[in-house]
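Colleague: The structure that follows is given in the form of C-alpha cells.
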Amino acid sequence: MSKKSFRQAINEALRQEMQRDPRVVLIGEDIAGGQGGTAGIVDAWGGVLGVTKGLYTEFGAERVFDTPISEASYIGAAVGAAATGLRPVAELMFVDFVGSCLDQIMNQAAKFRYMFGGKARTPLVIRAMYGAGFNAAAQHSQALYPLFTHIPGLKVVVPSSPYEAKGLLIEAIRDDDPVIFLENKVMYDDEEDVPDEPYSIPFGEANLTREGDDVTIVAFGRMVNFANEAADRLEKDGISCTVIDPRTTSPLDAATILECVEDTGRLVIVDESSPRCNMATDVAALVAEEAFDALKAPIRRVGPPHTPVPFATVLEKLYLPDAARIESAVRSVMAYKKTKQDA
Amino acid sequence: MTDLITPITMPKFGLAMTEGKIAGWNIAPGAHVDAGQEIADIETTKITNGYESPAAGTLRRQIAEEGETLPVGALLGILAEPAVSDAEIDAFIAKFQADFSSDSATTTQAEHADPFMVNVGDLTLRVQEAGQGAETPLLFIHGFGGDLSNWMLNQTTLSATRRTIAFDLPGHGGSSKNVGEGKPATFAVTAAALLDKLDISKAHVVGHSLGGAIALELAKAFPQKVASLSLIAPAGLGRDINMAFIDGFITADRRKTLEPVLNYLVHDKTLISRKMIEDIIRFKRLDGAVLGLQNIAAACFPNGQQADDLRPVLVSFDGPAQIIWGADDEILSPNSAKDLPATIKVTLLPQTGHMPQLEKAADVNAAITAFID
Amino acid sequence: MQIAHDILLRSYRSMRTIRDFEERLHVEFATGEIPGFVHLYCGEEASAVGVCAHLSETDTIASTHRGHGHCIAKGVGVDGMMAEIYGRKSGVCHGKGGSMHIADLSLGMLGANGIVGGGPPLICGAALSHKVLKDGGVAVAFYGDGASNEGTTLESLNLAMVWQLPAVFVCEDNGYGEATGASYACAGTQKARAAGFGMPYFDCDGTDFFAVYEAAGQAIAHARAGNGPVMLHVNLARWYGHFEGDAMTYRVNGEVARERAEHDCLKNFRQRVTEVSLLEPSALDEIDTSVKDEIEAAVKAAKSAPLPEPADLEADVYVSY
C-alpha cells in the first residue's frame with residue numbers, strides 16, 4: 001500500500017491487467033506518442049496527460065497501438081477486436097470526441113449482444129477524460145456520462161478517487177460487456193492510499209462515503225469529493241448527511257439510494273453533467289416513483305446551468321457545482337416546512 | 001506546583017493513529033478520578049476505546065469538547081489536586097498550548113516505523129515492529145481474517161521494554177495470498193521462518209483465535225523458539241466454531257452483509273466501526289484474498305468443526321502458558337479453557353467477546369505484561 | 001486456373017442457396033408475413049461466394065444491410081436465418097436481430113450491419129485480433145459503393161495501412177447507394193482511393209464466379225501473408241430494389257432484365273463448367289433440387305416456429321448486469 005495519484009492508479013491497473021492477461025491491448029491516440037517523430041522516441045507522451053506512460057516500453061508494439069487521429073476507425077477497431085478475442089482498452093482522450101465515433105459505441109458495441117441473440121461478447125473498455133475545471137472550454141470539458149447511461153448495452157463508470165479508479169478499472173477490463181470508463185481530468189493528481197496488489201470493485205454497488213441521519217446526498221465522480229466536504233462542514237452544525245457515490249451510473253445501485261432516502265427523508269443530487277436528462281433527473285425520478293412517501297422535503301438537484309461549458313475562469317467557476325452550493329442545497333431541504341396539512 | 005498538574009492528552013491507539021475524536025466524557029469537571037479509571041471515550045477511524053486516566057486527581061479543566069477531533073498529543077483536560085490554584089492551571093495551559101504543535105506530536109511518535117515487507121521463502125510477509133530492549137522479544141499472531149492491526153491497542157504498550165513483532169499471516173493483509181495447505185501447522189512454519197529471518201531465537205508468543213492454534217503448533221514444532229504462550233480465545237482446544245462467522249466473513253462483500261458477521265466478534269457492537277468494515281472489504285477485494293480464506297477455512301474447519309485438537313500440545317508445553325478469553329465470545333466458546341492443568345492460568349473477561357485485545361485492551365495488556373515480565 | 005471439384009460444387013451450392021433464399025423472400029415478403037424490411041442480394045452471389053471460398057471459420061467477415069448472401073457464403077444455416085427473418089425464437093439471433101443483424105461469431109461472421117459503413121472499422125479490429133493472436137486469420141469487410149463514401153470506410157483504409165493489418169476491403173459496387181447512382185455520389189474511382197492510401201488494389205467482374213475467385217485469391221493471399229491490407233473492387237448489379245417494395249423508379253426500364261439475361265452468375269457458372277466437362281450437369285441439377293427442398297423446408301419451419309416470449313424482451317442486453 002502506498003500513496004498513489006489517480007493517474008498512477010489507472011496506469012497500475014492497466015499494467016497489472018496487461019501482465020495478467022495477454023489479450024488485454026491498449027489502443028488510442030498518443031497513448032505511446034512519438035511514433036514517426038523526428039526524435040525517434042516512442043513513448044514520448046504516454047497519453048496526452050501521461051496516464052499510459054511506460055506501458056509501450058514495457059509491453060511493446062504488439063500490445064500498445066498508437067492510432068491516427070481517426071476516432072471512428074480505432075474505436076470501431078476496438079469494438080471489432082473485442083468481438084473477436086481481444087480485450088482492448090481504447091482511449092478516446094476527451095469524451096467530447098465521442099461525436100466522431102458514437103456509431104461504433106452506440107450502434108455496434110452496445111447492440112451486439114442483444115441483436116445477435118445473446119451470442120456475442122464484447123469485452124471492451126473505452127477510457128476518456130471528462131469534466132470542467134481546466135479552462136478547456138465547450139468541446140473539451142463535458143461530463144457526458146448520461147449520454148452513455150442512456151444506451152442499453154453499455155456500462156458506465158465514474159470513479160471518485162484513486163482507490164476507486166484502480167479497482168473499478170480492473171473490474172472494467174475483466175467485465176465481458178462494453179464499459180465506458182470516465183476519468184475526471186482535474187483529479188489526475190489527487191492522491192490517496194492505493195494497494196499495490198490488483199483488486200476489483202464490483203459494478204452496481206454504491207459506496208457510502210458518509211453516513212448520516214438528516215439528508216442523503218447522491219454525487220457522481222468528482223462531485224463526491226465536494227459532497228464529502230459539504231457533509232463535513234454541515235456535521236459541525238449538527239446536520240448529518242449520507243453521501244452516496246454510486247460508482248457506476250449503469251448499472252445504478254437503486255436499492256442503496258432508496259434505502260438511504262427512506263432513512264433520511266431528504267435528497268440532494270449533485271451531478272456535473274448538463275442538467276436536462278442527466279443522472280440527477282434519473283435519480284430524482286427513481287426516488288419520486290419509489291420512495292415518495294419517505295420524502296420530507298422536495299428533492300434538490302445541484303448542477304451546472306443548461307449551457308455549454310464556458311472558457312473564462314470566472315464563468316467556469318460559476319458553472320461548476322461546488323461544496324458551498326451543495327451545503328446551501330442541504331440547508332434548504334433541512335429548512336423546508338410543509339405548508340399544507342398532511343392529508 | 002506544576003508537577004502536581006497532570007495534562008490529559010489525546011492518546012495514540014495503534015501505530016497509525018494521528019488524531020482522535022472525543023466521543024464522550026465519562027466524568028464531569030470537578031470530579032475525582034483514580035488512576036486507570038476510564039475518563040473519556042476516544043473514537044478513531046478504526047475503533048472507539050476508553051481512555052484510562054494516567055493519574056489520580058480532580059478533573060479541574062475539560063478543554064476538549066465532546067465531538068471535537070484533535071491530533072494525538074493535544075490537550076484534552078487538566079488533572080490537579082484542589083490545592084493548585086486556577087492561575088497556576090491557566091499558566092500551565094498557556095505554556096502547554098504554546099509549546100504544542102501537532103507536527104511535533106506526530107514526529108515524536110514516529111519511533112514506530114511503518115510496516116515493511118519481509119521475504120520468507122517464496123512468501124512476502126507484511127511485518128510491523130515496535131520497541132527495543134534487552135527483554136525477550138514478543139511475537140503477535142492474529143487469527144482468521146485478521147491482520148497486524150488487530151494488535152493496534154497492544155503493540156505500543158507491550159513494546160516499552162522489548163522488541164515486538166506483528167505480521168500478516170499468508171493470505172491476510174498485505175502478505176502473499178498463497179496460503180499453502182492453510183493449516184495452523186503450515187503457518188507455524190512460516191512464523192518460525194520469520195523469527196529466523198529477523199534473527200530472533202526465542203520469543204514470547206501471543207496468539208489470537210486461529211493464531212492461538214498457530215502458536216501451539218509453533219510450540220510443538222519449535223519448542224526452543226517459544227518462551228511463553230499467551231493464548232487469546234484460541235482455536236485448537238475444542239471442536240465447535242461459529243461457522244456463520246467463518247462463512248459469512250468469506251462470502252459477505254458489502255458493508256450491509258459484513259457488519260452483522262463482524263458483530264459476532266465483539267460484545268460491544270458499537271466497536272465495529274465503518275473504517276474497520278471498509279478495511280476488511282478492501283482486503284477481500286484483493287485478487288486471491290477470498291480464495292485464500294476459503295482454503296484456510298477448508299483446511300482448518302472442514303465439516304463445520306475444528307480439524308486440529310491441540311490440547312495435548314498445550315498440556316505438554318514445557319513453559320509458561322496462559323489463556324485469556326472473553327466470557328461472551330460468540331465464535332469460540334470459553335468452555336474450551338476448562339479442564340486444563342492448574343499451571344495454565346485462565347483469565348475470563350466479563351462482557352467481552354472474541355477480541356479481548358481490542359475490547360479490553362488494558363486488561364489484556366496487563367495480563368500479558370504481568371505474565372512475561 | 002485449377003479449382004478443386006469440391007470447391008466448385010460447394011460454391012455452386014452456395015450461390016444457388018443464396019439465389020433461391022432471396023427469390024423466395026421476394027415472394028414471401030409480398031405476402032406481408034415478414035416483419036420489417038429486407039434487402040436482397042440477388043445478382044451478387046458470385047461476389048460473396050467467390051471471396052468466402054478462400055476463407056475458413058478462423059477468418060472473419062463483416063457484412064452490410066444486404067447481408068444474406070455473405071451469411072450463407074460464410075456458412076450460416078438457412079433454417080436459422082429464415083426463422084430470424086420471420087422474427088422467430090428459433091432464429092439465429094432468437095428473433096431479436098432480424099434480416100439486418102444476422103450474425104454468427106462462432107463462424108467468423110461478425111454480422112450484417114444496419115449502419116452503412118459500420119463494418120470496415122470492425123474489420124480493422126478483427127484483423128488486429130488475428131494479428132495479435134497470431135491465428136493466421138484474415139478479416140474481410142464487405143461494403144458497397146455507398147459505404148465507400150463514409151468516413152468510417154476511408155478512416156479504416158488508412159488505419160489498416162498504418163497498422164499493416166491482415167484485412168481485405170471488398171467494395172461491392174452495384175452502382176447504387178439506395179436510389180442514388182454511384183456515378184453521381186462517388187468522386188474519383190475506388191482504384192484511385194486505394195492508391196491514395198498506398199493500398200494494393202484488385203478488381204474483377206462480380207457476376208463471374210471465376211473472376212471473383214481468382215482476384216479474391218490473390219487479394220486474400222497478400223493479406224494473409226502479412227503484407228498488409230488490400231482492396232478488392234467487385235463490379236456487379238443488384239436485381240431488386242434497395243429494399244423490398246422499392247419500385248426502382250431511378251433505373252431505366254430493362255436494366256435489370258438485361259442483367260438477368262446476360263450476367264447471371266449461376267447460368268454463367270453452369271455453362272463454363274459443363275462446356276469443359278469440369279462438372280456433370282446432373283450434379284448441378286441435383287444441387288438445384290436439394291437447395292429447393294432446403295429453402296422450402298426452411299420457410300415452412302420458420303412459419304410454424306414459436307415466437308419469442310415476453311421474458312426474451314429483457315434478456316441478453318448484457319453478459320451480466
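To be explicit about the labels: the chains of the C-alpha cells are called A, B, and onward in the order shown, and within each one the residues are counted from 1, while ligands get numbers from 1 in the order they are shown.
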Could you list the residues in chain A lying within 7 Å of chain C, using only C-alpha atoms, and format the result as a list in words?
Modeller: Glu62, Pro68, Ser70, Ala72, Ser73, Tyr74, Gly76, Ala77, Ala78, Val79, Gly80, Ala81, Thr84, Gly85, Leu86, Arg113, Tyr114, Met115, Phe116, Gly117, Gly118, Ala120, Pro152, Gly153, Asp176, Asp177 and Pro251 of chain A
Colleague: Taking only C-alpha atoms into account, what are the residues of chain B at most 8 Å from chain A, put as a ChimeraX atom specification?
Modeller: /B:174,285-287
Colleague: Please provide as a list in words all residues within 8 Å of Ser273 in chain B, with the sequence filter that same-chain residues fewer than 2 positions apart are discarded (counting only C-alpha atoms).
Modeller: Thr45, Lys46, Ile47, Thr48, Thr270, Leu271, Lys275, Met276 and Ile277 of chain B
Colleague: Report as an MDAnalysis selection string: the residues of range 97-330 of chain B with a DSSP assignment of strand (DSSP E or B), based on the backbone of this structure.
Modeller: chainID B and resid 116:120 123:130 138:141 164:167 203:208 226:232 286 321:326
Colleague: Which value, in Å to one decimal, gives the distance between CA of Thr157 in chain B and CA of Gly20 in chain B?
Modeller: 18.0 Å
Colleague: Pick out each residue of range 122-315 of chain A that DSSP on the backbone tags as alpha helix (DSSP H); I need them as a ChimeraX atom specification.
Modeller: /A:145-149,162-174,223-236,254-264,279-290,313-315
Colleague: Please provide the set of residues having any atom within 6 Å of range 191-202 of chain C, restricted to only C-alpha atoms, with same-chain residues fewer than 4 positions apart removed, written as a list in words.
Modeller: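 After dropping sequence-adjacent residues, the list is Val230, Met231 and Leu232 of chain C.
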Colleague: Skipping near chain neighbours, those fewer than 3 positions away, what residues fall within 7 Å of Arg163 in chain B using only C-alpha atoms, listed as a list in words?
Modeller: Ala130, Gly131, Gln132, Gly133, Pro137, Leu138 and Ser159 of chain B
Colleague: Give me the residues within 8 Å of range 178-184 of chain B as a list in words, counting only C-alpha atoms and dropping any in the same chain fewer than 2 places off.
Modeller: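 Skipping anything fewer than 2 positions along the chain leaves Leu123, Pro170, Gly171, Ser176, Thr186, Phe187, Ala188, Leu210, Gly211, Ala213, Ile214, Glu217, Gly288, Gly292, Asn295, Ile296, Ala297, Ala299 and Cys300 of chain B.
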Colleague: Which residues, written as a list of chain:residue names, have at least one atom at most 8 Å from His39 in chain C, with only C-alpha atoms counted and residues fewer than 4 positions away on the same chain left out?
Modeller: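 Near neighbours after the sequence-gap exclusion: C:His65, C:Arg66, C:Gly67, C:Gly241, C:His242, C:Phe243, C:Glu244.
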Colleague: Can those selected residues be exported to a file as a tab-separated table (two decimals), in the first residue's frame so that it contains N, CA, C and O atoms?
Modeller:
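To be explicit, this is the file written out as selection.tsv:
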```tsv
chain	number	residue	atom	x	y	z
C	65	HIS	N	-26.07	-4.17	-44.72
C	65	HIS	CA	-27.52	-4.36	-44.59
C	65	HIS	C	-28.02	-5.39	-45.61
C	65	HIS	O	-29.07	-5.97	-45.44
C	66	ARG	N	-27.27	-5.57	-46.69
C	66	ARG	CA	-27.65	-6.54	-47.73
C	66	ARG	C	-26.84	-7.81	-47.46
C	66	ARG	O	-25.97	-8.19	-48.22
C	67	GLY	N	-27.12	-8.46	-46.35
C	67	GLY	CA	-26.15	-9.41	-45.81
C	67	GLY	C	-26.44	-10.89	-45.97
C	67	GLY	O	-25.61	-11.71	-45.63
C	241	GLY	N	-34.68	-3.91	-55.79
C	241	GLY	CA	-34.50	-2.54	-55.33
C	241	GLY	C	-33.61	-2.48	-54.10
C	241	GLY	O	-33.09	-3.49	-53.63
C	242	HIS	N	-33.45	-1.26	-53.60
C	242	HIS	CA	-32.66	-1.10	-52.38
C	242	HIS	C	-33.24	-1.98	-51.28
C	242	HIS	O	-32.53	-2.70	-50.60
C	243	PHE	N	-34.56	-1.88	-51.12
C	243	PHE	CA	-35.25	-2.76	-50.18
C	243	PHE	C	-36.46	-3.33	-50.90
C	243	PHE	O	-36.83	-2.83	-51.97
C	244	GLU	N	-37.06	-4.32	-50.34
C	244	GLU	CA	-38.26	-4.88	-50.96
C	244	GLU	C	-39.38	-3.86	-50.91
C	244	GLU	O	-39.69	-3.32	-49.85
```
Colleague: When you count only C-alpha atoms, which of these residues is closest to Val120 in chain B: B:Leu76, B:Leu148, B:Ala35, B:Ala193?
Modeller: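 That would be B:Ala193, the residue with the smallest distance to Val120 in chain B.
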Colleague: Between C:Glu28, C:Asp59, C:Glu22, C:Asp208, which has the minimum distance to His263 in chain C (counting only C-alpha atoms)?
Modeller: C:Asp208
Colleague: Please measure the separation of CA of Asp293 in chain A and CA of Leu258 in chain A, giving the value in Å to one decimal.
Modeller: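 Between CA of Asp293 in chain A and CA of Leu258 in chain A the gap is 11.4 Å.
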